[in-house]
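So this block is target39.pdb, PDB, C-alpha atoms, pLDDT in the B column:
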MODEL        1
ATOM      1  CA  MET A  39      -2.976  10.160 -32.780  1.00 50.00           C
ATOM      2  CA  LYS A  40      -5.510   7.901 -31.052  1.00 66.00           C
ATOM      3  CA  ALA A  41      -7.891   9.466 -28.558  1.00 70.00           C
ATOM      4  CA  GLY A  42      -7.959   8.496 -24.896  1.00 71.00           C
ATOM      5  CA  PRO A  43      -5.525   8.418 -21.969  1.00 81.00           C
ATOM      6  CA  ASP A  44      -1.844   8.687 -22.914  1.00 81.00           C
ATOM      7  CA  ILE A  45      -0.232   5.926 -20.871  1.00 85.00           C
ATOM      8  CA  SER A  46       3.140   6.638 -22.484  1.00 90.00           C
ATOM      9  CA  MET A  47       3.394   9.871 -20.473  1.00 89.00           C
ATOM     10  CA  VAL A  48       2.912   8.064 -17.167  1.00 91.00           C
ATOM     11  CA  ALA A  49       5.172   5.213 -18.264  1.00 91.00           C
ATOM     12  CA  ALA A  50       7.953   7.652 -19.123  1.00 93.00           C
ATOM     13  CA  LEU A  51       7.709   9.264 -15.692  1.00 94.00           C
ATOM     14  CA  VAL A  52       7.763   5.952 -13.833  1.00 93.00           C
ATOM     15  CA  GLY A  53      10.350   4.394 -16.158  1.00 91.00           C
ATOM     16  CA  ASP A  54      13.283   6.512 -15.030  1.00 93.00           C
ATOM     17  CA  PRO A  55      15.207   4.596 -12.298  1.00 92.00           C
ATOM     18  CA  ALA A  56      15.672   7.621 -10.041  1.00 94.00           C
ATOM     19  CA  ARG A  57      12.014   8.605 -10.274  1.00 95.00           C
ATOM     20  CA  ALA A  58      10.960   4.978  -9.767  1.00 93.00           C
ATOM     21  CA  ASN A  59      12.990   4.879  -6.544  1.00 92.00           C
ATOM     22  CA  MET A  60      11.378   8.109  -5.378  1.00 94.00           C
ATOM     23  CA  LEU A  61       7.880   6.840  -6.072  1.00 94.00           C
ATOM     24  CA  THR A  62       8.629   3.539  -4.354  1.00 90.00           C
ATOM     25  CA  ALA A  63       9.823   5.439  -1.264  1.00 90.00           C
ATOM     26  CA  LEU A  64       6.485   7.262  -1.196  1.00 92.00           C
ATOM     27  CA  MET A  65       4.650   3.923  -1.173  1.00 88.00           C
ATOM     28  CA  THR A  66       5.019   4.104   2.605  1.00 85.00           C
ATOM     29  CA  GLY A  67       2.180   6.637   2.549  1.00 84.00           C
ATOM     30  CA  ARG A  68       4.386   9.116   4.388  1.00 84.00           C
ATOM     31  CA  ALA A  69       5.327  12.510   3.005  1.00 88.00           C
ATOM     32  CA  LEU A  70       9.079  12.951   2.432  1.00 90.00           C
ATOM     33  CA  THR A  71      11.289  15.942   1.768  1.00 91.00           C
ATOM     34  CA  ALA A  72      13.273  16.467  -1.437  1.00 92.00           C
ATOM     35  CA  SER A  73      16.475  15.662   0.464  1.00 92.00           C
ATOM     36  CA  GLU A  74      15.072  12.388   1.757  1.00 91.00           C
ATOM     37  CA  LEU A  75      13.860  11.442  -1.719  1.00 93.00           C
ATOM     38  CA  ALA A  76      17.239  12.346  -3.219  1.00 93.00           C
ATOM     39  CA  GLN A  77      18.867   9.975  -0.739  1.00 91.00           C
ATOM     40  CA  GLU A  78      16.394   7.214  -1.612  1.00 88.00           C
ATOM     41  CA  ALA A  79      17.135   7.691  -5.314  1.00 90.00           C
ATOM     42  CA  GLY A  80      20.913   7.980  -4.839  1.00 90.00           C
ATOM     43  CA  ILE A  81      21.104  11.335  -6.644  1.00 93.00           C
ATOM     44  CA  THR A  82      22.049  14.927  -5.835  1.00 93.00           C
ATOM     45  CA  PRO A  83      19.451  17.355  -4.430  1.00 91.00           C
ATOM     46  CA  GLN A  84      19.674  19.411  -7.631  1.00 92.00           C
ATOM     47  CA  THR A  85      18.883  16.404  -9.814  1.00 95.00           C
ATOM     48  CA  ALA A  86      16.119  15.367  -7.422  1.00 94.00           C
ATOM     49  CA  SER A  87      14.490  18.788  -7.760  1.00 93.00           C
ATOM     50  CA  SER A  88      14.254  18.334 -11.529  1.00 95.00           C
ATOM     51  CA  HIS A  89      12.734  14.871 -11.182  1.00 96.00           C
ATOM     52  CA  LEU A  90      10.239  16.034  -8.565  1.00 95.00           C
ATOM     53  CA  SER A  91       9.083  18.859 -10.822  1.00 95.00           C
ATOM     54  CA  LYS A  92       8.373  16.361 -13.591  1.00 95.00           C
ATOM     55  CA  LEU A  93       6.504  14.001 -11.271  1.00 96.00           C
ATOM     56  CA  GLU A  94       4.442  16.870  -9.896  1.00 95.00           C
ATOM     57  CA  ALA A  95       3.625  18.170 -13.375  1.00 94.00           C
ATOM     58  CA  GLY A  96       2.642  14.646 -14.373  1.00 94.00           C
ATOM     59  CA  GLY A  97       0.142  14.390 -11.512  1.00 94.00           C
ATOM     60  CA  LEU A  98       1.878  11.530  -9.677  1.00 95.00           C
ATOM     61  CA  ILE A  99       3.005  13.462  -6.592  1.00 95.00           C
ATOM     62  CA  GLU A 100       1.867  16.586  -4.780  1.00 95.00           C
ATOM     63  CA  PRO A 101       3.776  18.975  -2.503  1.00 93.00           C
ATOM     64  CA  GLU A 102       2.798  20.095   0.975  1.00 90.00           C
ATOM     65  CA  LYS A 103       4.544  22.983   2.689  1.00 86.00           C
ATOM     66  CA  GLN A 104       5.009  22.936   6.437  1.00 84.00           C
ATOM     67  CA  GLY A 105       7.132  25.664   7.939  1.00 81.00           C
ATOM     68  CA  ARG A 106      10.382  25.909   6.015  1.00 82.00           C
ATOM     69  CA  HIS A 107      10.073  22.398   4.670  1.00 83.00           C
ATOM     70  CA  ARG A 108       8.365  21.159   1.536  1.00 88.00           C
ATOM     71  CA  TYR A 109       7.107  17.578   1.626  1.00 92.00           C
ATOM     72  CA  TYR A 110       5.975  15.325  -1.200  1.00 95.00           C
ATOM     73  CA  ARG A 111       3.465  12.496  -1.258  1.00 92.00           C
ATOM     74  CA  LEU A 112       1.676  10.392  -3.874  1.00 94.00           C
ATOM     75  CA  THR A 113      -1.454  12.053  -5.214  1.00 93.00           C
ATOM     76  CA  GLY A 114      -3.619   9.092  -4.264  1.00 88.00           C
ATOM     77  CA  PRO A 115      -4.045   5.353  -3.755  1.00 88.00           C
ATOM     78  CA  ASP A 116      -4.545   4.830  -7.494  1.00 88.00           C
ATOM     79  CA  VAL A 117      -0.906   5.809  -8.055  1.00 91.00           C
ATOM     80  CA  ALA A 118       0.158   3.345  -5.354  1.00 88.00           C
ATOM     81  CA  GLY A 119      -1.954   0.634  -6.979  1.00 85.00           C
ATOM     82  CA  VAL A 120      -0.243   1.151 -10.335  1.00 88.00           C
ATOM     83  CA  LEU A 121       3.197   0.982  -8.717  1.00 89.00           C
ATOM     84  CA  GLU A 122       2.345  -2.207  -6.808  1.00 83.00           C
ATOM     85  CA  GLY A 123       1.000  -3.731 -10.021  1.00 82.00           C
ATOM     86  CA  LEU A 124       4.165  -2.835 -11.919  1.00 87.00           C
ATOM     87  CA  ALA A 125       6.252  -4.363  -9.124  1.00 82.00           C
ATOM     88  CA  GLY A 126       4.271  -7.595  -9.496  1.00 77.00           C
ATOM     89  CA  LEU A 127       4.770  -7.578 -13.260  1.00 81.00           C
ATOM     90  CA  ALA A 128       8.505  -6.969 -12.834  1.00 80.00           C
ATOM     91  CA  ALA A 129       8.752  -9.853 -10.372  1.00 73.00           C
ATOM     92  CA  ARG A 130       6.830 -12.203 -12.666  1.00 75.00           C
ATOM     93  CA  ALA A 131       9.012 -11.237 -15.634  1.00 74.00           C
ATOM     94  CA  GLY A 132      12.181 -11.832 -13.619  1.00 75.00           C
ATOM     95  CA  HIS A 133      13.299  -8.210 -13.359  1.00 74.00           C
ATOM     96  CA  MET A 134      14.453  -8.347  -9.758  1.00 68.00           C
ATOM     97  CA  ARG A 135      17.008  -6.276  -7.895  1.00 64.00           C
ATOM     98  CA  VAL A 136      19.944  -8.457  -6.962  1.00 52.00           C
ATOM     99  CA  ARG A 137      20.628  -6.753  -3.640  1.00 49.00           C
ATOM    100  CA  THR A 138      18.709  -8.258  -0.739  1.00 44.00           C
ATOM    101  CA  GLY A 139      19.059  -7.814   2.977  1.00 43.00           C
ATOM    102  CA  PRO A 140      17.691  -8.873   6.366  1.00 43.00           C
ATOM    103  CA  LYS A 141      14.542  -6.794   5.840  1.00 57.00           C
ATOM    104  CA  ASP A 142      13.531  -8.677   2.694  1.00 80.00           C
ATOM    105  CA  PRO A 143      11.683 -11.589   4.412  1.00 88.00           C
ATOM    106  CA  ALA A 144       9.934  -9.111   6.725  1.00 91.00           C
ATOM    107  CA  LEU A 145       8.932  -6.987   3.728  1.00 89.00           C
ATOM    108  CA  ARG A 146       7.390  -9.998   2.033  1.00 91.00           C
ATOM    109  CA  ARG A 147       5.558 -11.091   5.170  1.00 94.00           C
ATOM    110  CA  ALA A 148       3.838  -7.789   5.993  1.00 96.00           C
ATOM    111  CA  ARG A 149       4.275  -4.308   4.587  1.00 94.00           C
ATOM    112  CA  ILE A 150       2.356  -1.126   3.987  1.00 93.00           C
ATOM    113  CA  CYS A 151       1.029  -0.475   0.497  1.00 91.00           C
ATOM    114  CA  TYR A 152       0.251   3.248   0.712  1.00 89.00           C
ATOM    115  CA  ASP A 153      -2.261   2.863   3.571  1.00 93.00           C
ATOM    116  CA  HIS A 154      -3.305  -0.803   3.628  1.00 95.00           C
ATOM    117  CA  LEU A 155      -1.751  -4.153   4.539  1.00 96.00           C
ATOM    118  CA  ALA A 156       0.189  -6.041   1.871  1.00 94.00           C
ATOM    119  CA  GLY A 157       2.472  -9.045   1.735  1.00 94.00           C
ATOM    120  CA  ASP A 158       1.756 -12.590   2.869  1.00 95.00           C
ATOM    121  CA  LEU A 159      -0.472 -11.473   5.743  1.00 97.00           C
ATOM    122  CA  GLY A 160      -2.409  -9.063   3.511  1.00 96.00           C
ATOM    123  CA  VAL A 161      -3.140 -11.810   0.992  1.00 96.00           C
ATOM    124  CA  GLN A 162      -4.013 -14.222   3.812  1.00 97.00           C
ATOM    125  CA  MET A 163      -6.464 -11.700   5.244  1.00 97.00           C
ATOM    126  CA  LEU A 164      -8.311 -11.232   1.954  1.00 96.00           C
ATOM    127  CA  ASP A 165      -8.429 -14.985   1.321  1.00 96.00           C
ATOM    128  CA  SER A 166      -9.883 -15.528   4.797  1.00 97.00           C
ATOM    129  CA  MET A 167     -12.482 -12.800   4.338  1.00 97.00           C
ATOM    130  CA  LYS A 168     -13.646 -14.448   1.126  1.00 96.00           C
ATOM    131  CA  ARG A 169     -13.846 -17.869   2.821  1.00 96.00           C
ATOM    132  CA  GLN A 170     -15.872 -16.413   5.679  1.00 96.00           C
ATOM    133  CA  LYS A 171     -18.151 -14.690   3.141  1.00 96.00           C
ATOM    134  CA  LEU A 172     -17.312 -11.285   4.587  1.00 97.00           C
ATOM    135  CA  ILE A 173     -16.482 -10.101   1.085  1.00 97.00           C
ATOM    136  CA  ARG A 174     -18.197 -11.009  -2.163  1.00 94.00           C
ATOM    137  CA  GLN A 175     -16.171 -10.767  -5.365  1.00 89.00           C
ATOM    138  CA  THR A 176     -17.320 -10.835  -8.965  1.00 83.00           C
ATOM    139  CA  LYS A 177     -15.363 -10.159 -12.147  1.00 76.00           C
ATOM    140  CA  GLN A 178     -16.475  -6.536 -12.025  1.00 73.00           C
ATOM    141  CA  ALA A 179     -16.274  -5.604  -8.356  1.00 86.00           C
ATOM    142  CA  MET A 180     -15.724  -6.569  -4.743  1.00 93.00           C
ATOM    143  CA  GLU A 181     -18.131  -5.651  -1.945  1.00 94.00           C
ATOM    144  CA  LEU A 182     -18.566  -6.031   1.780  1.00 96.00           C
ATOM    145  CA  THR A 183     -21.455  -8.377   2.594  1.00 96.00           C
ATOM    146  CA  GLY A 184     -24.020  -7.920   5.342  1.00 96.00           C
ATOM    147  CA  GLU A 185     -22.128 -10.494   7.396  1.00 97.00           C
ATOM    148  CA  GLY A 186     -18.937  -8.574   6.670  1.00 97.00           C
ATOM    149  CA  LYS A 187     -20.446  -5.338   7.978  1.00 97.00           C
ATOM    150  CA  ARG A 188     -21.473  -7.067  11.209  1.00 97.00           C
ATOM    151  CA  PHE A 189     -18.019  -8.644  11.513  1.00 97.00           C
ATOM    152  CA  MET A 190     -16.270  -5.283  11.111  1.00 98.00           C
ATOM    153  CA  ALA A 191     -18.460  -3.691  13.763  1.00 97.00           C
ATOM    154  CA  ASP A 192     -18.155  -6.551  16.268  1.00 97.00           C
ATOM    155  CA  ALA A 193     -14.534  -7.618  15.769  1.00 97.00           C
ATOM    156  CA  LEU A 194     -12.816  -4.346  14.872  1.00 97.00           C
ATOM    157  CA  GLN A 195     -15.301  -1.592  15.777  1.00 97.00           C
ATOM    158  CA  ILE A 196     -15.309  -0.322  12.191  1.00 97.00           C
ATOM    159  CA  ASP A 197     -18.607   1.228  11.108  1.00 97.00           C
ATOM    160  CA  ALA A 198     -19.174   0.306   7.463  1.00 95.00           C
ATOM    161  CA  ALA A 199     -21.326   3.418   7.005  1.00 95.00           C
ATOM    162  CA  THR A 200     -18.225   5.605   7.400  1.00 96.00           C
ATOM    163  CA  LEU A 201     -16.290   3.908   4.594  1.00 96.00           C
ATOM    164  CA  ALA A 202     -18.030   5.513   1.610  1.00 93.00           C
ATOM    165  CA  HIS A 203     -15.791   7.851  -0.409  1.00 91.00           C
ATOM    166  CA  PRO A 204     -16.616   9.713  -3.637  1.00 90.00           C
ATOM    167  CA  ARG A 205     -13.337   8.814  -5.359  1.00 86.00           C
ATOM    168  CA  ARG A 206     -12.373   5.497  -3.771  1.00 91.00           C
ATOM    169  CA  PRO A 207     -14.178   2.160  -3.550  1.00 93.00           C
ATOM    170  CA  VAL A 208     -14.819   0.531  -0.191  1.00 96.00           C
ATOM    171  CA  CYS A 209     -13.253  -2.751  -1.327  1.00 96.00           C
ATOM    172  CA  LYS A 210     -10.653  -3.130  -4.037  1.00 91.00           C
ATOM    173  CA  ALA A 211      -8.334  -5.959  -5.016  1.00 90.00           C
ATOM    174  CA  CYS A 212      -4.703  -4.806  -5.230  1.00 88.00           C
ATOM    175  CA  LEU A 213      -2.191  -7.132  -6.904  1.00 85.00           C
ATOM    176  CA  ASP A 214       0.510  -8.022  -4.393  1.00 87.00           C
ATOM    177  CA  TRP A 215       3.972  -7.901  -5.960  1.00 82.00           C
ATOM    178  CA  SER A 216       5.581 -10.527  -3.700  1.00 84.00           C
ATOM    179  CA  GLU A 217       2.676 -12.991  -3.491  1.00 84.00           C
ATOM    180  CA  ARG A 218       1.414 -12.258  -7.034  1.00 82.00           C
ATOM    181  CA  ARG A 219      -2.119 -12.568  -5.720  1.00 88.00           C
ATOM    182  CA  HIS A 220      -4.470  -9.929  -4.372  1.00 90.00           C
ATOM    183  CA  HIS A 221      -4.616  -8.180  -1.042  1.00 94.00           C
ATOM    184  CA  LEU A 222      -7.367  -5.818   0.146  1.00 95.00           C
ATOM    185  CA  ALA A 223      -7.195  -2.112  -0.714  1.00 93.00           C
ATOM    186  CA  GLY A 224      -9.908   0.558  -0.764  1.00 94.00           C
ATOM    187  CA  THR A 225     -11.262   2.463   2.211  1.00 96.00           C
ATOM    188  CA  LEU A 226     -11.906  -0.802   4.063  1.00 97.00           C
ATOM    189  CA  GLY A 227      -8.306  -1.955   3.669  1.00 97.00           C
ATOM    190  CA  ALA A 228      -7.106   1.435   4.926  1.00 96.00           C
ATOM    191  CA  ALA A 229      -9.512   1.405   7.891  1.00 97.00           C
ATOM    192  CA  MET A 230      -8.444  -2.097   8.909  1.00 98.00           C
ATOM    193  CA  MET A 231      -4.745  -1.221   8.812  1.00 97.00           C
ATOM    194  CA  ALA A 232      -5.432   1.902  10.864  1.00 97.00           C
ATOM    195  CA  ARG A 233      -7.364  -0.190  13.375  1.00 98.00           C
ATOM    196  CA  PHE A 234      -4.549  -2.754  13.699  1.00 98.00           C
ATOM    197  CA  THR A 235      -2.255   0.149  14.555  1.00 97.00           C
ATOM    198  CA  GLU A 236      -4.696   1.682  17.047  1.00 97.00           C
ATOM    199  CA  LEU A 237      -5.055  -1.674  18.800  1.00 97.00           C
ATOM    200  CA  LYS A 238      -1.237  -1.989  18.866  1.00 97.00           C
ATOM    201  CA  TRP A 239      -1.442  -5.267  16.994  1.00 98.00           C
ATOM    202  CA  ALA A 240       0.938  -3.902  14.398  1.00 97.00           C
ATOM    203  CA  ALA A 241       3.343  -1.002  13.931  1.00 95.00           C
ATOM    204  CA  ARG A 242       5.185   0.495  11.012  1.00 91.00           C
ATOM    205  CA  ASP A 243       8.951  -0.031  11.022  1.00 89.00           C
ATOM    206  CA  ALA A 244      10.595   3.185  12.222  1.00 83.00           C
ATOM    207  CA  THR A 245      13.455   2.988   9.705  1.00 81.00           C
ATOM    208  CA  PRO A 246      13.160   5.878   7.204  1.00 73.00           C
ATOM    209  CA  GLY A 247      11.786   4.644   3.873  1.00 76.00           C
ATOM    210  CA  SER A 248      10.853   1.217   5.259  1.00 85.00           C
ATOM    211  CA  ARG A 249       7.523  -0.334   4.274  1.00 89.00           C
ATOM    212  CA  VAL A 250       7.792  -3.192   6.773  1.00 93.00           C
ATOM    213  CA  VAL A 251       4.893  -3.737   9.188  1.00 96.00           C
ATOM    214  CA  ASN A 252       5.769  -5.593  12.402  1.00 96.00           C
ATOM    215  CA  PHE A 253       3.062  -7.463  14.316  1.00 97.00           C
ATOM    216  CA  SER A 254       3.371  -7.865  18.070  1.00 97.00           C
ATOM    217  CA  ARG A 255       3.039 -11.318  19.583  1.00 96.00           C
ATOM    218  CA  ASN A 256      -0.455 -10.482  20.785  1.00 97.00           C
ATOM    219  CA  GLY A 257      -1.250  -8.900  17.443  1.00 97.00           C
ATOM    220  CA  GLU A 258      -0.263 -12.046  15.577  1.00 96.00           C
ATOM    221  CA  LYS A 259      -2.542 -14.128  17.804  1.00 97.00           C
ATOM    222  CA  ARG A 260      -5.501 -11.760  17.414  1.00 97.00           C
ATOM    223  CA  PHE A 261      -4.949 -11.466  13.661  1.00 97.00           C
ATOM    224  CA  ALA A 262      -4.721 -15.263  13.288  1.00 97.00           C
ATOM    225  CA  ALA A 263      -7.918 -15.695  15.306  1.00 97.00           C
ATOM    226  CA  LEU A 264      -9.787 -13.449  12.868  1.00 97.00           C
ATOM    227  CA  PHE A 265      -7.991 -14.273   9.622  1.00 97.00           C
ATOM    228  CA  GLY A 266      -6.279 -17.638  10.050  1.00 87.00           C
ATOM    229  CA  ALA A 267      -4.737 -19.240   6.981  1.00 72.00           C
ATOM    230  CA  GLY A 268      -7.284 -22.073   7.025  1.00 62.00           C
ATOM    231  CA  GLU A 269      -6.810 -25.376   5.320  1.00 49.00           C
TER     232      GLU A 269
ENDMDL
END
What would you get if you wrote out this structure as structure tokens?
Amino acid sequence: MKAGPDISMVAALVGDPARANMLTALMTGRALTASELAQEAGITPQTASSHLSKLEAGGLIEPEKQGRHRYYRLTGPDVAGVLEGLAGLAARAGHMRVRTGPKDPALRRARICYDHLAGDLGVQMLDSMKRQKLIRQTKQAMELTGEGKRFMADALQIDAATLAHPRRPVCKACLDWSERRHHLAGTLGAAMMARFTELKWAARDATPGSRVVNFSRNGEKRFAALFGAGE
């Protein structure tokens, strides 16, 4: 047996359709109960319990007890990044779900990816930040520039000094499954999404399990002023 990480173990956990549906539901960043996850997966609570035990043992989800209820969430943004990347690969390879609905265009336009903005507007934002030289990207890494730090402080009241995290980069490119290009993840991406919410520019869709992010009319104008699509 070759040494190193065993990706087959993670692949086996994600590869089951019911577990994949559960993990996708947790991409909202919210913690959900076993019953809610069973409903998302279309399985019985008993079957869901077995799947959740496997996902927990595999390090992909973690439980949190509150009162009589037990909630589950992804163990971290790296799990969300893998799931988003797999969704992009599935889309590129033509493995799409045939059922679509009225939420599909909204999901592609703006959605939450664990804790940061994804979809068309997420990709547009990262593209704009690169054009404005707020972010510098090399093959190895992506970083906030001095101009970017000033921009964050002036435009969004985000202090770049607070973004450092021992286990998460400040800036990270996350492959967007619908646009098949990158949007901004990392602690900066999370802080910006949180700020959009605080300013009431955007709000998460209240429908259980929904990843859609809705921008207000004012929010769209303010967002476009900062991160317009450009030429």
Expected selection from the PyMOL selection byres ((chain A and resi 107) around 12), given as a short mmCIF file (atom, residue, chain, number, x, y, z; two decimals) with C-alpha atoms, in the coordinates of the input:
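Result file is result11.cif:
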data_model
loop_
_atom_site.label_atom_id
_atom_site.label_comp_id
_atom_site.auth_asym_id
_atom_site.auth_seq_id
_atom_site.Cartn_x
_atom_site.Cartn_y
_atom_site.Cartn_z
CA ALA A 69 5.33 12.51 3.00
CA LEU A 70 9.08 12.95 2.43
CA THR A 71 11.29 15.94 1.77
CA ALA A 72 13.27 16.47 -1.44
CA SER A 73 16.48 15.66 0.46
CA GLU A 74 15.07 12.39 1.76
CA PRO A 101 3.78 18.98 -2.50
CA GLU A 102 2.80 20.10 0.98
CA LYS A 103 4.54 22.98 2.69
CA GLN A 104 5.01 22.94 6.44
CA GLY A 105 7.13 25.66 7.94
CA ARG A 106 10.38 25.91 6.02
CA ARG A 108 8.36 21.16 1.54
CA TYR A 109 7.11 17.58 1.63
CA TYR A 110 5.98 15.32 -1.20
#
**OP:** Have a look at atom CA of A:Gln178 and atom CA of A:Ala131 and let me know their distance in Å, one decimal.
**Re:** 26.2 Å
Original post:
Which residues match the PyMOL selection byres ((chain A and resi 113) around 10) in the file above, as a list in words?
Top reply: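 Checking the PyMOL selection byres ((chain A and resi 113) around 10) against this file, the residues are Glu94, Gly97, Leu98, Ile99, Glu100, Pro101, Tyr110, Arg111, Leu112, Gly114, Pro115, Asp116, Val117 and Ala118 of chain A.
A straight line drawn from atom CA of A:Ser46 to atom CA of A:Gly96 is 11.4 Å long.
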Original post:
If the PyMOL selection byres ((chain A and resi 146) around 8) is run on the structure shown, which residues does it catch, given as a PyMOL selection string?
Top reply: chain A and resi 142-145+147-149+157-158+216-217
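The space separating atom CA of A:Ser166 from atom CA of A:Phe265 comes to 5.3 Å.
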**OP:** Would you please work out which residue, of A:Ala179, A:Leu194, A:Cys212, A:Leu164, is nearest to A:Ala125 when using only C-alpha atoms?
**Re:** A:Cys212
Need the axis-aligned box for stretch 252-256 of chain A with 6 Å each side, so what are the centre and edges in Å to one decimal, as lines of an AutoDock Vina configuration file?
center_x = 2.7
center_y = -8.5
center_z = 16.6
size_x = 18.2
size_y = 17.7
size_z = 20.4
**OP:** Find the spatial neighbours of stretch 208-210 of chain A, counting only C-alpha atoms, within a cut-off of 6 Å - ignore same-chain residues fewer than 4 positions away - and output them as a ChimeraX atom specification.
**Re:** /A:180-181,222-226
Subject >> Selection: 10 Å around A:Leu182, only C-alpha atoms, excl. self and same-chain fewer than 3 positions, as JSON, numbers by chain >> reply: {"A": [167, 168, 171, 172, 173, 174, 175, 185, 186, 187, 188, 190, 198, 208, 209, 226]}
For the selection you just gave me, I'd like the residues written to a file as a PDB file, in the frame of the given file, keeping C-alpha atoms.
ATOM      1  CA  MET A 167     -12.482 -12.800   4.338  1.00 97.00           C
ATOM      2  CA  LYS A 168     -13.646 -14.448   1.126  1.00 96.00           C
ATOM      3  CA  LYS A 171     -18.151 -14.690   3.141  1.00 96.00           C
ATOM      4  CA  LEU A 172     -17.312 -11.285   4.587  1.00 97.00           C
ATOM      5  CA  ILE A 173     -16.482 -10.101   1.085  1.00 97.00           C
ATOM      6  CA  ARG A 174     -18.197 -11.009  -2.163  1.00 94.00           C
ATOM      7  CA  GLN A 175     -16.171 -10.767  -5.365  1.00 89.00           C
ATOM      8  CA  GLU A 185     -22.128 -10.494   7.396  1.00 97.00           C
ATOM      9  CA  GLY A 186     -18.937  -8.574   6.670  1.00 97.00           C
ATOM     10  CA  LYS A 187     -20.446  -5.338   7.978  1.00 97.00           C
ATOM     11  CA  ARG A 188     -21.473  -7.067  11.209  1.00 97.00           C
ATOM     12  CA  MET A 190     -16.270  -5.283  11.111  1.00 98.00           C
ATOM     13  CA  ALA A 198     -19.174   0.306   7.463  1.00 95.00           C
ATOM     14  CA  VAL A 208     -14.819   0.531  -0.191  1.00 96.00           C
ATOM     15  CA  CYS A 209     -13.253  -2.751  -1.327  1.00 96.00           C
ATOM     16  CA  LEU A 226     -11.906  -0.802   4.063  1.00 97.00           C
TER      17      LEU A 226
END
Subject >> Neighbour list for A:Arg260 as a list in words, cut-off 12 Å, all atoms listed in the file, skip fewer than 5 positions in-chain >> reply: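 Surrounding residues, per the criterion: Ala193, Leu194, Phe234, Leu237, Lys238, Trp239, Ala240, Phe253, Ser254, Arg255, Phe265 and Gly266 of chain A.
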Can I get the selected residues back with C-alpha atoms, as a short mmCIF file (atom, residue, chain, number, x, y, z; two decimals), in the frame of the given file?
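Wrote again_21.cif, looks like this:
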data_model
loop_
_atom_site.label_atom_id
_atom_site.label_comp_id
_atom_site.auth_asym_id
_atom_site.auth_seq_id
_atom_site.Cartn_x
_atom_site.Cartn_y
_atom_site.Cartn_z
CA ALA A 193 -14.53 -7.62 15.77
CA LEU A 194 -12.82 -4.35 14.87
CA PHE A 234 -4.55 -2.75 13.70
CA LEU A 237 -5.06 -1.67 18.80
CA LYS A 238 -1.24 -1.99 18.87
CA TRP A 239 -1.44 -5.27 16.99
CA ALA A 240 0.94 -3.90 14.40
CA PHE A 253 3.06 -7.46 14.32
CA SER A 254 3.37 -7.86 18.07
CA ARG A 255 3.04 -11.32 19.58
CA PHE A 265 -7.99 -14.27 9.62
CA GLY A 266 -6.28 -17.64 10.05
#
**OP:** Excluding A:Arg219 and residues on its chain fewer than 2 positions from it, collect all residues at most 12 Å away from it, counting all atoms listed in the file, and give them as a list in words.
**Re:** Glu122, Gly123, Gly126, Leu127, Arg130, Ala156, Gly157, Asp158, Leu159, Gly160, Val161, Gln162, Met163, Leu164, Asp165, Ala211, Cys212, Leu213, Asp214, Trp215, Ser216, Glu217, His221 and Leu222 of chain A
Subject >> Closest of A:Leu75, A:Gly184, A:Leu121, A:Pro246 to A:Tyr152 - atom-to-atom distances counting all atoms listed in the file >> reply: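 Ranked by minimum distance to A:Tyr152, first place goes to A:Leu121.
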**OP:** Would you mind telling me which residue in A:Ile150, A:Met231, A:Asn252, A:Glu258 lies nearest to A:Arg68 when using all atoms listed in the file?
**Re:**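 Among the listed residues, the smallest separation from A:Arg68 belongs to A:Ile150.
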Subject >> 12 Å contact set for A:Asn59, all atoms listed in the file, chain neighbours under 6 positions out, as an MDAnalysis selection string >> reply: chainID A and resid 51:53 65 74:81 86 89:90 121 125 135 247
Original post:
Taking all atoms listed in the file into account, which of A:His203, A:Arg169, A:Lys92, A:Arg233 comes nearest A:Ala267?
Top reply: A:Arg169
Reconstructed stretch 110-116 of chain A, atom set N, CA, C and O atoms, as a PDB file, in the frame of the given file:
ATOM      1  N   TYR A 110       6.637  15.888  -0.022  1.00 95.00           N
ATOM      2  CA  TYR A 110       5.975  15.325  -1.200  1.00 95.00           C
ATOM      3  C   TYR A 110       5.313  14.005  -0.830  1.00 95.00           C
ATOM      4  O   TYR A 110       5.827  13.235  -0.024  1.00 95.00           O
ATOM      5  N   ARG A 111       4.166  13.760  -1.443  1.00 92.00           N
ATOM      6  CA  ARG A 111       3.465  12.496  -1.258  1.00 92.00           C
ATOM      7  C   ARG A 111       2.808  12.103  -2.575  1.00 92.00           C
ATOM      8  O   ARG A 111       2.649  12.934  -3.476  1.00 92.00           O
ATOM      9  N   LEU A 112       2.423  10.833  -2.696  1.00 94.00           N
ATOM     10  CA  LEU A 112       1.676  10.392  -3.874  1.00 94.00           C
ATOM     11  C   LEU A 112       0.333  11.101  -3.913  1.00 94.00           C
ATOM     12  O   LEU A 112      -0.235  11.418  -2.862  1.00 94.00           O
ATOM     13  N   THR A 113      -0.186  11.328  -5.105  1.00 93.00           N
ATOM     14  CA  THR A 113      -1.454  12.053  -5.214  1.00 93.00           C
ATOM     15  C   THR A 113      -2.651  11.210  -4.813  1.00 93.00           C
ATOM     16  O   THR A 113      -3.741  11.746  -4.614  1.00 93.00           O
ATOM     17  N   GLY A 114      -2.484   9.902  -4.679  1.00 88.00           N
ATOM     18  CA  GLY A 114      -3.619   9.092  -4.264  1.00 88.00           C
ATOM     19  C   GLY A 114      -3.319   7.607  -4.306  1.00 88.00           C
ATOM     20  O   GLY A 114      -2.270   7.174  -4.806  1.00 88.00           O
ATOM     21  N   PRO A 115      -4.235   6.807  -3.787  1.00 88.00           N
ATOM     22  CA  PRO A 115      -4.045   5.353  -3.755  1.00 88.00           C
ATOM     23  C   PRO A 115      -4.011   4.721  -5.139  1.00 88.00           C
ATOM     24  O   PRO A 115      -3.477   3.627  -5.298  1.00 88.00           O
ATOM     25  N   ASP A 116      -4.585   5.401  -6.150  1.00 88.00           N
ATOM     26  CA  ASP A 116      -4.545   4.830  -7.494  1.00 88.00           C
ATOM     27  C   ASP A 116      -3.118   4.800  -8.027  1.00 88.00           C
ATOM     28  O   ASP A 116      -2.731   3.872  -8.744  1.00 88.00           O
TER      29      ASP A 116
END
